[in-house]
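Participant: Quick one, data.cif (mmCIF, C-alpha atoms):
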data_structure
#
loop_
_atom_site.label_atom_id
_atom_site.label_comp_id
_atom_site.auth_asym_id
_atom_site.auth_seq_id
_atom_site.Cartn_x
_atom_site.Cartn_y
_atom_site.Cartn_z
CA MET X 86 172.33 119.50 216.34
CA ALA X 87 171.65 115.90 215.38
CA GLY X 88 168.86 117.19 213.16
CA PHE X 89 171.44 118.34 210.65
CA ASP X 90 173.62 115.26 210.81
CA LYS X 91 173.11 113.64 207.41
CA ARG X 92 175.61 110.81 207.85
CA VAL X 93 174.55 107.23 207.31
CA SER X 94 176.75 104.30 208.25
CA SER X 95 176.23 101.89 205.37
CA TYR X 96 175.48 101.91 201.66
CA GLU X 97 172.42 99.83 202.42
CA GLU X 98 171.12 102.65 204.58
CA ALA X 99 172.21 105.23 201.97
CA MET X 100 169.86 103.78 199.34
CA GLU X 101 167.05 102.80 201.71
CA GLY X 102 163.68 103.37 200.04
CA ILE X 103 164.66 102.90 196.42
CA GLU X 104 162.07 100.85 194.57
CA SER X 105 161.48 99.48 191.12
CA GLY X 106 160.00 101.99 188.70
CA MET X 107 161.62 105.01 190.33
CA THR X 108 163.54 107.82 188.61
CA VAL X 109 167.20 108.19 189.59
CA ILE X 110 169.25 111.26 188.66
CA ALA X 111 172.98 110.60 188.66
CA GLY X 112 175.94 112.98 188.58
CA GLY X 113 179.06 112.27 186.54
CA PHE X 114 180.53 112.83 183.09
CA GLY X 115 181.78 109.66 181.46
CA LEU X 116 183.35 107.82 184.39
CA CYS X 117 184.53 111.04 186.04
CA GLY X 118 182.78 111.98 189.26
CA ILE X 119 180.30 109.11 189.24
CA PRO X 120 178.71 107.77 192.44
CA GLU X 121 180.20 104.35 191.85
CA ASN X 122 179.34 102.77 195.21
CA LEU X 123 175.76 104.05 195.21
CA ILE X 124 175.34 102.56 191.74
CA ALA X 125 176.75 99.27 193.04
CA GLU X 126 174.20 99.35 195.86
CA ILE X 127 171.36 99.85 193.35
CA LYS X 128 172.66 96.80 191.51
CA ARG X 129 172.77 94.79 194.74
CA ARG X 130 169.18 95.69 195.52
CA ALA X 131 168.09 94.36 192.10
CA VAL X 132 165.41 97.02 191.62
CA THR X 133 164.18 97.18 188.04
CA ASP X 134 162.26 99.41 185.59
CA LEU X 135 164.36 102.38 186.60
CA THR X 136 164.36 105.65 184.71
CA VAL X 137 167.91 106.99 184.86
CA VAL X 138 168.88 110.57 184.13
CA SER X 139 172.61 110.90 183.51
CA ASN X 140 174.85 112.42 180.86
CA ASN X 141 176.23 108.95 179.97
CA CYS X 142 175.60 105.34 180.91
CA GLY X 143 179.00 104.12 182.04
CA VAL X 144 180.96 101.37 180.31
CA ASP X 145 180.66 97.59 180.32
CA GLY X 146 181.20 96.48 183.90
CA PHE X 147 181.60 99.92 185.49
CA GLY X 148 179.50 102.90 186.45
CA LEU X 149 175.87 102.81 185.33
CA GLY X 150 176.92 100.07 182.90
CA VAL X 151 176.59 97.55 185.75
CA LEU X 152 172.84 98.23 185.94
CA LEU X 153 172.50 97.01 182.35
CA GLU X 154 173.78 93.54 183.27
CA ASP X 155 170.53 92.61 184.99
CA ARG X 156 168.38 94.90 182.82
CA GLN X 157 167.52 97.25 185.67
CA ILE X 158 167.20 100.34 183.48
CA ARG X 159 164.03 100.71 181.42
CA LYS X 160 164.56 104.27 180.23
CA ILE X 161 167.48 106.68 180.17
CA LEU X 162 167.79 110.38 179.47
CA ALA X 163 171.34 111.10 178.36
CA SER X 164 173.30 113.19 175.86
CA TYR X 165 175.76 110.54 174.77
CA VAL X 166 175.56 106.78 175.14
CA GLY X 167 176.84 103.66 173.49
CA GLU X 168 180.38 103.51 174.85
CA ASN X 169 179.37 100.03 175.98
CA ALA X 170 178.48 97.00 173.89
CA MET X 171 175.73 95.90 176.28
CA PHE X 172 174.01 99.27 175.99
CA GLU X 173 174.13 99.13 172.19
CA GLN X 174 172.60 95.69 172.20
CA GLN X 175 169.77 96.60 174.58
CA MET X 176 169.10 99.75 172.55
CA LEU X 177 168.98 97.80 169.27
CA ASN X 178 166.67 95.18 170.86
CA ASP X 179 164.37 97.96 172.16
CA GLU X 180 164.92 96.69 175.69
CA ILE X 181 165.88 100.15 176.85
CA GLU X 182 164.24 103.43 175.91
CA VAL X 183 166.74 106.17 175.18
CA VAL X 184 165.74 109.83 175.25
CA LEU X 185 168.72 111.63 173.77
CA THR X 186 168.92 115.09 175.26
CA PRO X 187 171.39 117.87 174.40
CA GLN X 188 173.97 118.13 177.16
CA GLY X 189 173.22 121.73 178.10
CA THR X 190 169.49 121.04 178.05
CA LEU X 191 170.05 118.03 180.33
CA ALA X 192 172.02 120.13 182.82
CA GLU X 193 169.37 122.86 182.70
CA LYS X 194 166.52 120.33 183.11
CA MET X 195 168.13 119.18 186.36
CA ARG X 196 168.92 122.70 187.50
CA ALA X 197 165.37 123.89 186.76
CA GLY X 198 163.90 120.81 188.44
CA GLY X 199 165.82 121.54 191.59
CA ALA X 200 164.99 125.24 191.47
CA GLY X 201 161.22 124.81 191.13
CA ILE X 202 161.10 125.99 187.52
CA PRO X 203 158.80 123.61 185.60
CA ALA X 204 160.07 124.38 182.10
CA PHE X 205 162.27 126.76 180.14
CA TYR X 206 162.79 127.98 176.59
CA THR X 207 166.03 127.29 174.78
CA ALA X 208 167.32 127.73 171.24
CA THR X 209 169.14 124.41 171.53
CA GLY X 210 167.46 121.80 169.35
CA TYR X 211 165.18 124.17 167.43
CA GLY X 212 164.82 122.94 163.84
CA THR X 213 166.23 119.50 164.74
CA PRO X 214 164.53 116.19 165.63
CA ILE X 215 164.85 117.22 169.31
CA GLY X 216 162.48 120.12 168.75
CA GLU X 217 159.78 118.07 167.06
CA GLY X 218 156.46 118.17 168.91
CA LYS X 219 157.68 120.78 171.37
CA GLU X 220 156.15 124.21 171.82
CA VAL X 221 158.02 126.92 169.87
CA ARG X 222 158.07 130.57 170.80
CA GLU X 223 159.80 133.53 169.26
CA PHE X 224 161.66 136.04 171.41
CA ASN X 225 163.49 138.96 169.81
CA GLY X 226 163.32 137.37 166.38
CA ARG X 227 164.75 134.02 167.41
CA HIS X 228 163.03 130.65 167.83
CA TYR X 229 163.11 128.72 171.08
CA ILE X 230 161.64 125.40 172.17
CA LEU X 231 160.04 124.63 175.51
CA GLU X 232 161.88 121.99 177.54
CA GLU X 233 160.49 120.56 180.76
CA ALA X 234 162.40 120.27 184.01
CA ILE X 235 163.31 116.94 185.62
CA THR X 236 163.15 115.80 189.19
CA GLY X 237 163.95 112.36 190.54
CA ASP X 238 162.82 110.10 193.36
CA PHE X 239 166.52 109.77 194.14
CA ALA X 240 169.57 111.79 193.20
CA ILE X 241 172.92 110.03 193.54
CA VAL X 242 175.94 112.27 193.74
CA LYS X 243 179.72 111.92 194.08
CA GLY X 244 181.49 114.64 196.07
CA TRP X 245 185.01 115.14 197.31
CA LYS X 246 184.61 116.46 200.83
CA ALA X 247 181.52 117.03 202.89
CA ASP X 248 180.76 117.92 206.46
CA ARG X 249 178.16 115.99 208.37
CA TYR X 250 175.60 118.72 207.69
CA GLY X 251 175.78 117.74 204.03
CA ASN X 252 177.72 120.72 202.70
CA VAL X 253 179.67 119.36 199.73
CA MET X 254 182.74 120.32 197.70
CA TYR X 255 183.68 118.65 194.43
CA ARG X 256 187.17 118.07 193.11
CA HIS X 257 188.29 119.38 189.68
CA THR X 258 186.14 118.31 186.71
CA ALA X 259 184.50 115.59 188.84
CA GLN X 260 182.05 118.39 189.61
CA ASN X 261 180.22 118.28 186.23
CA PHE X 262 176.54 117.32 186.65
CA ASN X 263 176.79 116.57 190.38
CA PRO X 264 175.68 119.96 191.79
CA MET X 265 172.54 120.02 189.59
CA ALA X 266 171.73 116.38 190.32
CA ALA X 267 172.03 117.14 194.05
CA THR X 268 169.24 119.72 193.86
CA ALA X 269 166.81 117.60 191.87
CA GLY X 270 166.20 114.50 194.02
CA LYS X 271 163.34 113.98 196.45
CA ILE X 272 166.01 112.08 198.34
CA THR X 273 169.56 113.19 197.58
CA VAL X 274 172.37 110.85 198.57
CA VAL X 275 175.96 112.04 198.37
CA GLU X 276 178.99 109.80 198.68
CA VAL X 277 182.31 111.50 199.35
CA GLU X 278 185.96 110.70 199.85
CA GLU X 279 186.15 112.43 203.21
CA ILE X 280 183.71 113.66 205.83
CA VAL X 281 185.03 116.55 207.90
CA GLU X 282 183.76 118.47 210.90
CA PRO X 283 181.36 121.40 210.37
CA GLY X 284 183.46 124.54 210.10
CA GLU X 285 186.36 122.86 208.34
CA LEU X 286 185.02 123.70 204.90
CA GLU X 287 185.28 127.36 203.98
CA PRO X 288 181.62 128.44 203.70
CA SER X 289 182.13 130.43 200.51
CA GLN X 290 183.87 127.46 198.84
CA ILE X 291 180.97 125.04 199.28
CA HIS X 292 179.47 123.96 195.96
CA THR X 293 176.36 122.17 197.25
CA PRO X 294 174.86 123.58 200.44
CA GLY X 295 173.56 120.96 202.87
CA ILE X 296 169.92 122.00 202.43
CA TYR X 297 169.78 119.90 199.25
CA VAL X 298 171.33 116.82 200.83
CA ASP X 299 169.52 114.10 202.77
CA ARG X 300 172.21 111.46 203.28
CA ILE X 301 176.00 111.52 203.31
CA ILE X 302 178.34 108.57 203.28
CA GLN X 303 182.10 108.26 203.10
CA GLY X 304 183.39 105.66 200.66
CA SER X 305 186.46 104.54 198.79
CA PHE X 306 186.58 104.88 195.04
CA GLU X 307 188.21 103.10 192.14
CA LYS X 308 187.98 106.21 189.91
CA ARG X 309 188.50 104.34 186.69
CA ILE X 310 189.92 106.41 183.80
CA GLU X 311 188.14 106.07 180.47
CA LYS X 312 190.76 107.58 178.16
CA ARG X 313 194.17 107.86 179.77
CA THR X 314 196.02 110.35 177.58
CA VAL X 315 199.54 111.49 178.42
CA ARG X 316 202.02 113.71 176.66
CA SER X 317 205.26 112.15 175.53
CA MET C 231 196.45 118.63 146.86
CA ALA C 232 193.76 118.32 149.47
CA LEU C 233 194.77 119.62 152.88
CA THR C 234 195.97 117.18 155.51
CA ARG C 235 194.24 117.14 158.89
CA GLU C 236 197.18 119.08 160.30
CA GLN C 237 196.96 121.72 157.58
CA MET C 238 193.24 122.08 158.19
CA ALA C 239 193.96 122.67 161.88
CA GLN C 240 196.70 125.14 160.95
CA ARG C 241 194.35 127.10 158.69
CA VAL C 242 191.61 127.26 161.33
CA ALA C 243 194.16 128.45 163.89
CA ARG C 244 194.71 131.61 161.80
CA GLU C 245 191.17 132.64 162.72
CA LEU C 246 192.08 132.75 166.42
CA GLU C 247 192.38 136.17 167.99
CA ASP C 248 194.21 137.22 171.10
CA GLY C 249 191.89 136.95 174.09
CA PHE C 250 189.45 134.50 172.48
CA TYR C 251 187.58 131.91 174.53
CA VAL C 252 187.37 128.91 172.21
CA ASN C 253 185.57 125.58 172.25
CA LEU C 254 187.17 122.89 170.10
CA GLY C 255 185.24 119.77 169.14
CA ILE C 256 186.60 116.26 168.80
CA GLY C 257 188.82 115.29 165.83
CA ILE C 258 190.43 117.91 163.59
CA PRO C 259 189.17 120.79 165.80
CA THR C 260 191.17 119.37 168.72
CA LEU C 261 194.36 119.68 166.63
CA VAL C 262 193.84 123.45 166.31
CA ALA C 263 195.25 123.82 169.81
CA ASN C 264 198.66 122.73 168.44
CA TYR C 265 198.81 125.68 166.02
CA VAL C 266 197.92 128.72 168.12
CA PRO C 267 200.00 131.50 166.49
CA ASP C 268 202.85 133.08 168.47
CA GLY C 269 201.86 136.11 170.49
CA ILE C 270 198.22 135.04 170.74
CA ASP C 271 196.68 133.78 173.94
CA VAL C 272 193.45 131.80 173.79
CA MET C 273 191.55 130.08 176.58
CA LEU C 274 190.13 126.67 175.66
CA GLN C 275 186.68 125.80 176.99
CA SER C 276 185.80 122.16 177.56
CA GLU C 277 182.07 121.72 178.04
CA ASN C 278 182.34 119.26 180.93
CA GLY C 279 183.25 122.29 183.03
CA LEU C 280 186.77 123.56 182.36
CA LEU C 281 187.82 126.97 181.04
CA GLY C 282 191.55 127.02 180.46
CA MET C 283 192.33 123.51 179.33
CA GLY C 284 196.07 122.81 179.46
CA ARG C 285 198.31 120.18 177.95
CA PHE C 286 197.90 116.46 178.36
CA PRO C 287 199.38 115.36 181.69
CA THR C 288 202.64 113.54 182.23
CA GLU C 289 202.31 110.02 183.61
CA GLU C 290 202.81 111.46 187.12
CA GLU C 291 200.22 114.21 186.64
CA VAL C 292 197.40 111.91 185.48
CA ASP C 293 194.32 112.56 187.64
CA ALA C 294 191.01 110.72 187.20
CA ASP C 295 189.18 113.87 188.34
CA MET C 296 190.71 115.97 185.57
CA ILE C 297 189.33 115.23 182.11
CA ASN C 298 188.14 117.08 179.02
CA ALA C 299 184.86 116.72 177.14
CA GLY C 300 186.42 113.94 175.07
CA LYS C 301 186.96 112.10 178.38
CA GLN C 302 190.73 112.30 177.96
CA THR C 303 192.91 113.10 180.94
CA VAL C 304 194.09 116.73 180.76
CA THR C 305 195.61 119.46 182.91
CA ALA C 306 194.36 122.94 183.74
CA ARG C 307 196.56 125.85 182.67
CA PRO C 308 197.41 128.64 185.09
CA GLY C 309 194.38 130.91 185.30
CA ALA C 310 191.91 128.13 184.55
CA ALA C 311 188.46 127.90 186.12
CA ILE C 312 186.41 124.77 186.84
CA PHE C 313 182.63 124.72 187.28
CA SER C 314 179.46 122.70 186.88
CA SER C 315 177.85 121.55 183.64
CA ALA C 316 175.04 124.10 184.08
CA GLU C 317 177.58 126.92 184.40
CA SER C 318 179.49 125.56 181.41
CA PHE C 319 176.41 125.58 179.21
CA ALA C 320 175.38 128.99 180.48
CA MET C 321 178.63 130.21 178.92
CA ILE C 322 177.91 128.36 175.72
CA ARG C 323 174.19 129.09 175.40
CA GLY C 324 174.61 132.66 176.59
CA GLY C 325 176.94 133.39 173.67
CA HIS C 326 180.03 134.03 175.79
CA VAL C 327 182.32 131.69 173.83
CA ASP C 328 184.07 133.65 171.07
CA LEU C 329 184.69 130.81 168.64
CA THR C 330 183.46 127.24 168.28
CA VAL C 331 185.15 124.78 165.93
CA LEU C 332 183.42 121.51 165.21
CA GLY C 333 183.13 118.77 162.62
CA ALA C 334 180.07 117.91 160.50
CA PHE C 335 178.67 115.30 158.11
CA GLU C 336 176.87 117.92 156.01
CA VAL C 337 176.44 121.70 155.85
CA ASP C 338 174.07 123.55 153.56
CA GLN C 339 173.84 126.98 151.96
CA GLU C 340 171.36 128.17 154.61
CA GLY C 341 173.91 127.49 157.35
CA ASN C 342 172.21 124.32 158.58
CA ILE C 343 174.47 121.64 160.02
CA ALA C 344 174.02 117.87 160.36
CA SER C 345 176.63 116.22 162.53
CA TRP C 346 175.09 113.78 164.98
CA MET C 347 173.01 111.05 163.43
CA VAL C 348 172.82 108.89 160.36
CA PRO C 349 169.43 107.13 160.28
CA GLY C 350 169.83 103.37 160.27
CA LYS C 351 173.19 103.54 161.96
CA LEU C 352 173.74 103.36 165.70
CA ILE C 353 172.96 106.72 167.26
CA LYS C 354 175.17 107.61 170.19
CA GLY C 355 173.90 111.10 170.87
CA MET C 356 174.58 114.76 170.29
CA GLY C 357 176.54 115.45 173.46
CA GLY C 358 176.98 119.21 173.63
CA ALA C 359 176.95 119.86 169.86
CA MET C 360 173.38 121.18 169.66
CA ASP C 361 174.03 123.62 172.50
CA LEU C 362 177.29 124.75 170.92
CA VAL C 363 175.83 125.48 167.49
CA ALA C 364 172.74 127.17 168.96
CA GLY C 365 174.76 129.32 171.34
CA ALA C 366 177.74 130.51 169.31
CA GLU C 367 177.66 133.35 166.81
CA ASN C 368 181.04 132.44 165.46
CA ILE C 369 181.38 128.85 164.30
CA ILE C 370 183.83 127.21 161.95
CA CYS C 371 182.91 123.80 160.61
CA THR C 372 185.74 121.47 159.60
CA MET C 373 184.95 118.61 157.26
CA THR C 374 185.97 116.90 154.06
CA HIS C 375 184.47 118.58 151.01
CA ALA C 376 183.09 115.35 149.58
CA SER C 377 182.58 111.75 150.69
CA LYS C 378 184.95 108.96 149.69
CA HIS C 379 182.59 108.30 146.81
CA GLY C 380 182.89 111.89 145.63
CA GLU C 381 179.48 113.06 146.86
CA SER C 382 179.43 116.66 148.01
CA LYS C 383 178.87 117.44 151.70
CA LEU C 384 178.22 121.13 150.95
CA LEU C 385 174.61 120.98 149.96
CA GLU C 386 171.63 123.01 148.91
CA LYS C 387 169.75 121.39 151.79
CA CYS C 388 171.04 118.94 154.40
CA THR C 389 169.68 115.42 153.95
CA LEU C 390 170.53 114.15 157.45
CA PRO C 391 168.74 115.20 160.65
CA LEU C 392 170.00 118.60 161.75
CA THR C 393 172.16 119.51 164.72
CA GLY C 394 171.25 123.18 164.31
CA ALA C 395 169.40 125.43 161.89
CA GLY C 396 170.90 128.48 160.19
CA CYS C 397 173.87 128.70 162.53
CA ILE C 398 177.02 128.01 160.47
CA ASN C 399 178.80 130.91 158.79
CA ARG C 400 182.21 129.47 157.96
CA VAL C 401 183.41 126.13 156.62
CA LEU C 402 186.92 124.81 156.17
CA THR C 403 187.13 121.70 154.04
CA ASP C 404 190.15 119.82 152.78
CA LEU C 405 189.73 121.74 149.52
CA ALA C 406 188.57 125.22 150.42
CA TYR C 407 187.70 127.88 152.93
CA LEU C 408 184.20 129.20 152.45
CA GLU C 409 181.74 131.58 154.05
CA ILE C 410 177.98 131.05 154.10
CA LYS C 411 175.94 134.16 153.50
CA ASP C 412 172.51 134.98 152.09
CA GLY C 413 171.79 131.42 151.02
CA ALA C 414 175.07 130.65 149.29
CA PHE C 415 178.59 129.40 149.86
CA ILE C 416 181.20 132.01 149.01
CA LEU C 417 184.56 130.61 148.00
CA LYS C 418 187.24 132.55 149.87
CA GLU C 419 190.39 130.42 149.53
CA ARG C 420 191.43 127.17 147.91
CA ALA C 421 193.87 124.52 149.05
CA PRO C 422 197.29 124.62 147.37
CA GLY C 423 197.08 123.08 143.92
CA VAL C 424 193.31 122.62 144.03
CA SER C 425 191.52 124.22 141.10
CA VAL C 426 188.39 126.34 141.33
CA GLU C 427 186.84 123.89 138.85
CA GLU C 428 187.33 120.98 141.22
CA ILE C 429 185.68 122.92 144.05
CA ILE C 430 182.76 123.88 141.80
CA GLU C 431 182.38 120.25 140.78
CA LYS C 432 182.36 119.04 144.38
CA THR C 433 180.00 121.68 145.78
CA ALA C 434 176.35 120.73 145.37
CA GLY C 435 174.97 123.87 147.04
CA LYS C 436 174.90 127.35 145.48
CA LEU C 437 178.49 128.55 145.20
CA ILE C 438 179.64 132.09 144.54
CA VAL C 439 183.13 132.25 143.06
CA PRO C 440 184.85 135.65 143.14
CA ASP C 441 187.15 136.66 140.29
CA HIS C 442 190.21 135.94 142.37
CA VAL C 443 190.37 133.01 144.78
CA PRO C 444 193.69 133.04 146.63
CA GLU C 445 195.56 129.82 147.31
CA MET C 446 196.31 129.00 150.94
CA THR C 447 199.95 128.96 151.87
CA PHE C 448 201.61 126.83 154.50
CA ASP C 449 205.10 127.05 155.92
CA ALA C 450 207.28 124.15 154.89
CA GLU C 451 207.67 121.77 157.79
#
Is it possible to express this structure as structure tokens?
Facilitator:
Amino acid sequence: MAGFDKRVSSYEEAMEGIESGMTVIAGGFGLCGIPENLIAEIKRRAVTDLTVVSNNCGVDGFGLGVLLEDRQIRKILASYVGENAMFEQQMLNDEIEVVLTPQGTLAEKMRAGGAGIPAFYTATGYGTPIGEGKEVREFNGRHYILEEAITGDFAIVKGWKADRYGNVMYRHTAQNFNPMAATAGKITVVEVEEIVEPGELEPSQIHTPGIYVDRIIQGSFEKRIEKRTVRS
Amino acid sequence: MALTREQMAQRVARELEDGFYVNLGIGIPTLVANYVPDGIDVMLQSENGLLGMGRFPTEEEVDADMINAGKQTVTARPGAAIFSSAESFAMIRGGHVDLTVLGAFEVDQEGNIASWMVPGKLIKGMGGAMDLVAGAENIICTMTHASKHGESKLLEKCTLPLTGAGCINRVLTDLAYLEIKDGAFILKERAPGVSVEEIIEKTAGKLIVPDHVPEMTFDAE
């Protein structure tokens, strides 16, 4: 039974093995559903030259933005960046390489990476700067470009509930990129709000089956809101 | 008079049909949700993984795990579904969304759209825009007809890097409602008090003007 127990007892243990130069795939959309404590642990470890794959790069002082403070990120694949002044500055100074990637293509790159599909054709980006230099093929009279899958040395994921076997459920739109990220890491680490006993999660309601997950840790989360909007 | 942002949203909302799944971009497109005609039910898709976006929350309802693609806190309406980003873009790229409304810097007579980068200025990224324009068959572009300096944004050929090629078939500007077909803009309606001559003057691309161009009407508010 212990063979399926994915729990680790500290964040230090959760990120054991991460080294400079590695590729890290992170779940999250804006600041929603981001593995904030795993990111903090990467900062604490002061590893550098990271390639980060994430839809966004946090804000100044929170989320992946904290890894910019000590210039730990060398390259990022993202669909939308620049919500943070530090990022803008590092981008303008060429201190960080940015590979802008259409959001759906980014999600599919992770999904394909995790599913053992090395590349896929998509119409997204054909005829734009994103398609330049990529193989083009025509299917049924329409043009598609070839996009390659992504895998990471680590995937860092934020879930809601998990059991100790690593079965994970996400809460509301904090799901976003997390399920795809979870499939695409050589080592996938999931931090959750609550760890429950096996059997407590309804099997058909599990978003990420434990087979993808290597380490599980329970944490507490700030869950900062980027744009608090209320109706009057 | 050029249309206000609210009037532009109101005009776009008339293109909604009962039972439509609709993705609204940031800016004027977002306002369309305020003008859904009576008796019509539409389901709003937000590309971060929400189908059935509801109203903004009350102070008590605010939930950090519940946001839209603009990163604003939102609610889910009854009958909503929530899913992953891959699922969300499967809907978009698979052509399952009935109508997409988004803004643009430039559109040209071939249906090309430029909306995500101005060389020399800070580039933040395309987000989901390239997927949306590549995946949808039914897209309405909302934009001002000309720049502040009077330069047309409806061109023979886009000058800025493209978001998508040959994908736009309808444009609503502050001056006119136009269709794009067979390499030309076709003037369908004009804003109240805006002359056909002004639209001709401010359209750099090929423009087809029918004999009669009706004026849009808006209910007095």
Participant: Could you list, as a PDB file with C-alpha atoms, in the frame of the given file, every residue within 7 Å of Arg249 (chain X), counting all atoms listed in the file and ignoring same-chain residues fewer than 5 positions away?
Facilitator:
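Dumped everything to selection-v9.pdb:
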ATOM      1  CA  ASP X  90     173.620 115.260 210.810  1.00  0.00           C
ATOM      2  CA  LYS X  91     173.110 113.640 207.410  1.00  0.00           C
ATOM      3  CA  ARG X  92     175.610 110.810 207.850  1.00  0.00           C
ATOM      4  CA  ILE X 280     183.710 113.660 205.830  1.00  0.00           C
ATOM      5  CA  VAL X 281     185.030 116.550 207.900  1.00  0.00           C
ATOM      6  CA  GLU X 282     183.760 118.470 210.900  1.00  0.00           C
ATOM      7  CA  PRO X 283     181.360 121.400 210.370  1.00  0.00           C
TER       8      PRO X 283
END
Participant: Env of region 312-315 of chain C: 6 Å cut, atoms = only C-alpha atoms, seq-sep filter 2 positions within chain, self excluded. Answer as an NGL selection string.
Facilitator: (:X and (260-262)) or (:C and (278-280 or 317-318))
Participant: Using all atoms listed in the file, list the residues that have an atom at most 12 Å from (172.0, 121.3, 152.9), coordinates as in the file, as a VMD selection string.
Facilitator: chain C and resid 334 to 345 382 to 396 398 410 413 to 415 433 to 436
Participant: As a check of understanding, name the residues that the PyMOL selection byres ((chain X) within 9 of (chain C)) selects in the supplied structure, as a PyMOL selection string.
Facilitator: chain X and resi 114-118+140+163-168+173+177+185-193+195-196+207-215+256-265+308-317
Participant: Could you spell out the hits of the PyMOL selection byres ((chain X and resi 106) around 10) on the shown file, as an NGL selection string?
Facilitator: :X and (103-105 or 107-109 or 132-136 or 157-160 or 238)
Participant: CA of Glu180 (chain X) and CA of Leu152 (chain X) are how many Å apart?
Facilitator: 13.0 Å
Participant: Go through the shown structure with the PyMOL selection byres ((chain X and resi 96) around 8) and write out the matching residues as a ChimeraX atom specification.
Facilitator: /X:93-95,97-100,122-123,126,302
Participant: I'd like to know which of X:Gly304, X:Pro120, X:Gly88, X:Gly216 is closest to Lys243 (chain X), using only C-alpha atoms.
Facilitator: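 Selected residue with least distance to Lys243 (chain X): X:Pro120.
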Participant: Pick out the closest residue to Lys418 (chain C) from this set: C:Met231, C:Asp404, C:Pro444, C:Cys397. Count all atoms listed in the file.
Facilitator: C:Pro444
Participant: Quick check, in Å to one decimal: how far apart do CA of Leu286 (chain X) and CA of Arg300 (chain X) lie?
Facilitator: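 It comes out at 17.8 Å.
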Participant: Within 7 Å of region 273-275 of chain X, counting only C-alpha atoms, which residues show up once you throw out same-chain ones fewer than 5 positions away? Write them as a JSON list (two decimals) with C-alpha atoms, in the frame of the given file, please.
Facilitator:
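See selection19.json below for the written result:
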[["chain", "number", "residue", "atom", "x", "y", "z"],
["X", 99, "ALA", "CA", 172.21, 105.23, 201.97],
["X", 239, "PHE", "CA", 166.52, 109.77, 194.14],
["X", 240, "ALA", "CA", 169.57, 111.79, 193.20],
["X", 241, "ILE", "CA", 172.92, 110.03, 193.54],
["X", 242, "VAL", "CA", 175.94, 112.27, 193.74],
["X", 243, "LYS", "CA", 179.72, 111.92, 194.08],
["X", 244, "GLY", "CA", 181.49, 114.64, 196.07],
["X", 267, "ALA", "CA", 172.03, 117.14, 194.05],
["X", 297, "TYR", "CA", 169.78, 119.90, 199.25],
["X", 298, "VAL", "CA", 171.33, 116.82, 200.83],
["X", 299, "ASP", "CA", 169.52, 114.10, 202.77],
["X", 300, "ARG", "CA", 172.21, 111.46, 203.28],
["X", 301, "ILE", "CA", 176.00, 111.52, 203.31],
["X", 302, "ILE", "CA", 178.34, 108.57, 203.28]]
Participant: So what do you get for CA of Val151 (chain X) versus CA of Arg130 (chain X), distance-wise?
Facilitator: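 CA of Val151 (chain X) sits 12.4 Å away from CA of Arg130 (chain X).
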Participant: Can you work out which one of C:Val439, C:Leu408, C:Val252, C:Asn368 has the shortest atom-to-atom distance to Ala421 (chain C), counting all atoms listed in the file?
Facilitator: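 Comparing C:Val439, C:Leu408, C:Val252, C:Asn368 against Ala421 (chain C), the winner is C:Leu408.
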Participant: If I put a ball of radius 6 Å at (186.1, 107.8, 197.6) in the file's coordinates, which residues poke into it when counting all atoms listed in the file, written as number ranges by chain?
Facilitator: X: 277-278, 304-306
Participant: Given the selection you just returned, output its residues as a file containing C-alpha atoms, formatted as a PDB file, in the coordinates of the input.
Facilitator:
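Wrote it out as part-v4.pdb, contents follow:
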ATOM      1  CA  VAL X 277     182.310 111.500 199.350  1.00  0.00           C
ATOM      2  CA  GLU X 278     185.960 110.700 199.850  1.00  0.00           C
ATOM      3  CA  GLY X 304     183.390 105.660 200.660  1.00  0.00           C
ATOM      4  CA  SER X 305     186.460 104.540 198.790  1.00  0.00           C
ATOM      5  CA  PHE X 306     186.580 104.880 195.040  1.00  0.00           C
TER       6      PHE X 306
END
Participant: Residues near Gly201 (chain X), anyone? I mean within 12 Å using only C-alpha atoms, not counting same-chain ones fewer than 5 positions away, as an MDAnalysis selection string.
Facilitator: chainID X and resid 193:196 233:236 268:270
Participant: Determine the axis-aligned bounding box of all atoms of region 247-261 of chain C present in the file, pad each side by 8 Å, and express its centre and edge lengths in Å to one decimal place as AutoDock Vina command-line options.
Facilitator:
--center_x 189.8 --center_y 126.3 --center_z 169.1 --size_x 25.1 --size_y 37.9 --size_z 26.9
Participant: Let me make sure I understand: among C:Glu381, C:Gly423, C:Phe250, C:Arg235, which one has the smallest atom-to-atom distance to Val327 (chain C) if we use all atoms listed in the file?
Facilitator: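 Closest candidate: C:Phe250.
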Participant: Between C:Val331, C:Ile369, C:Ala232, C:Ala310, single out the one closest to Val262 (chain C), counting all atoms listed in the file.
Facilitator: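 Smallest separation from Val262 (chain C) among the options: C:Val331.
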Participant: Rank X:Leu162, X:Val253, X:Glu232, X:Lys271 by their smallest atom-to-atom distance to Gly218 (chain X), using all atoms listed in the file, and report the top residue only.
Facilitator: X:Glu232
Participant: Just want the 10 Å neighbourhood of Ala170 (chain X), counted on all atoms listed in the file, with same-chain residues fewer than 3 positions away dropped. Output as a ChimeraX atom specification.
Facilitator: /X:144-145,150,167,173-176
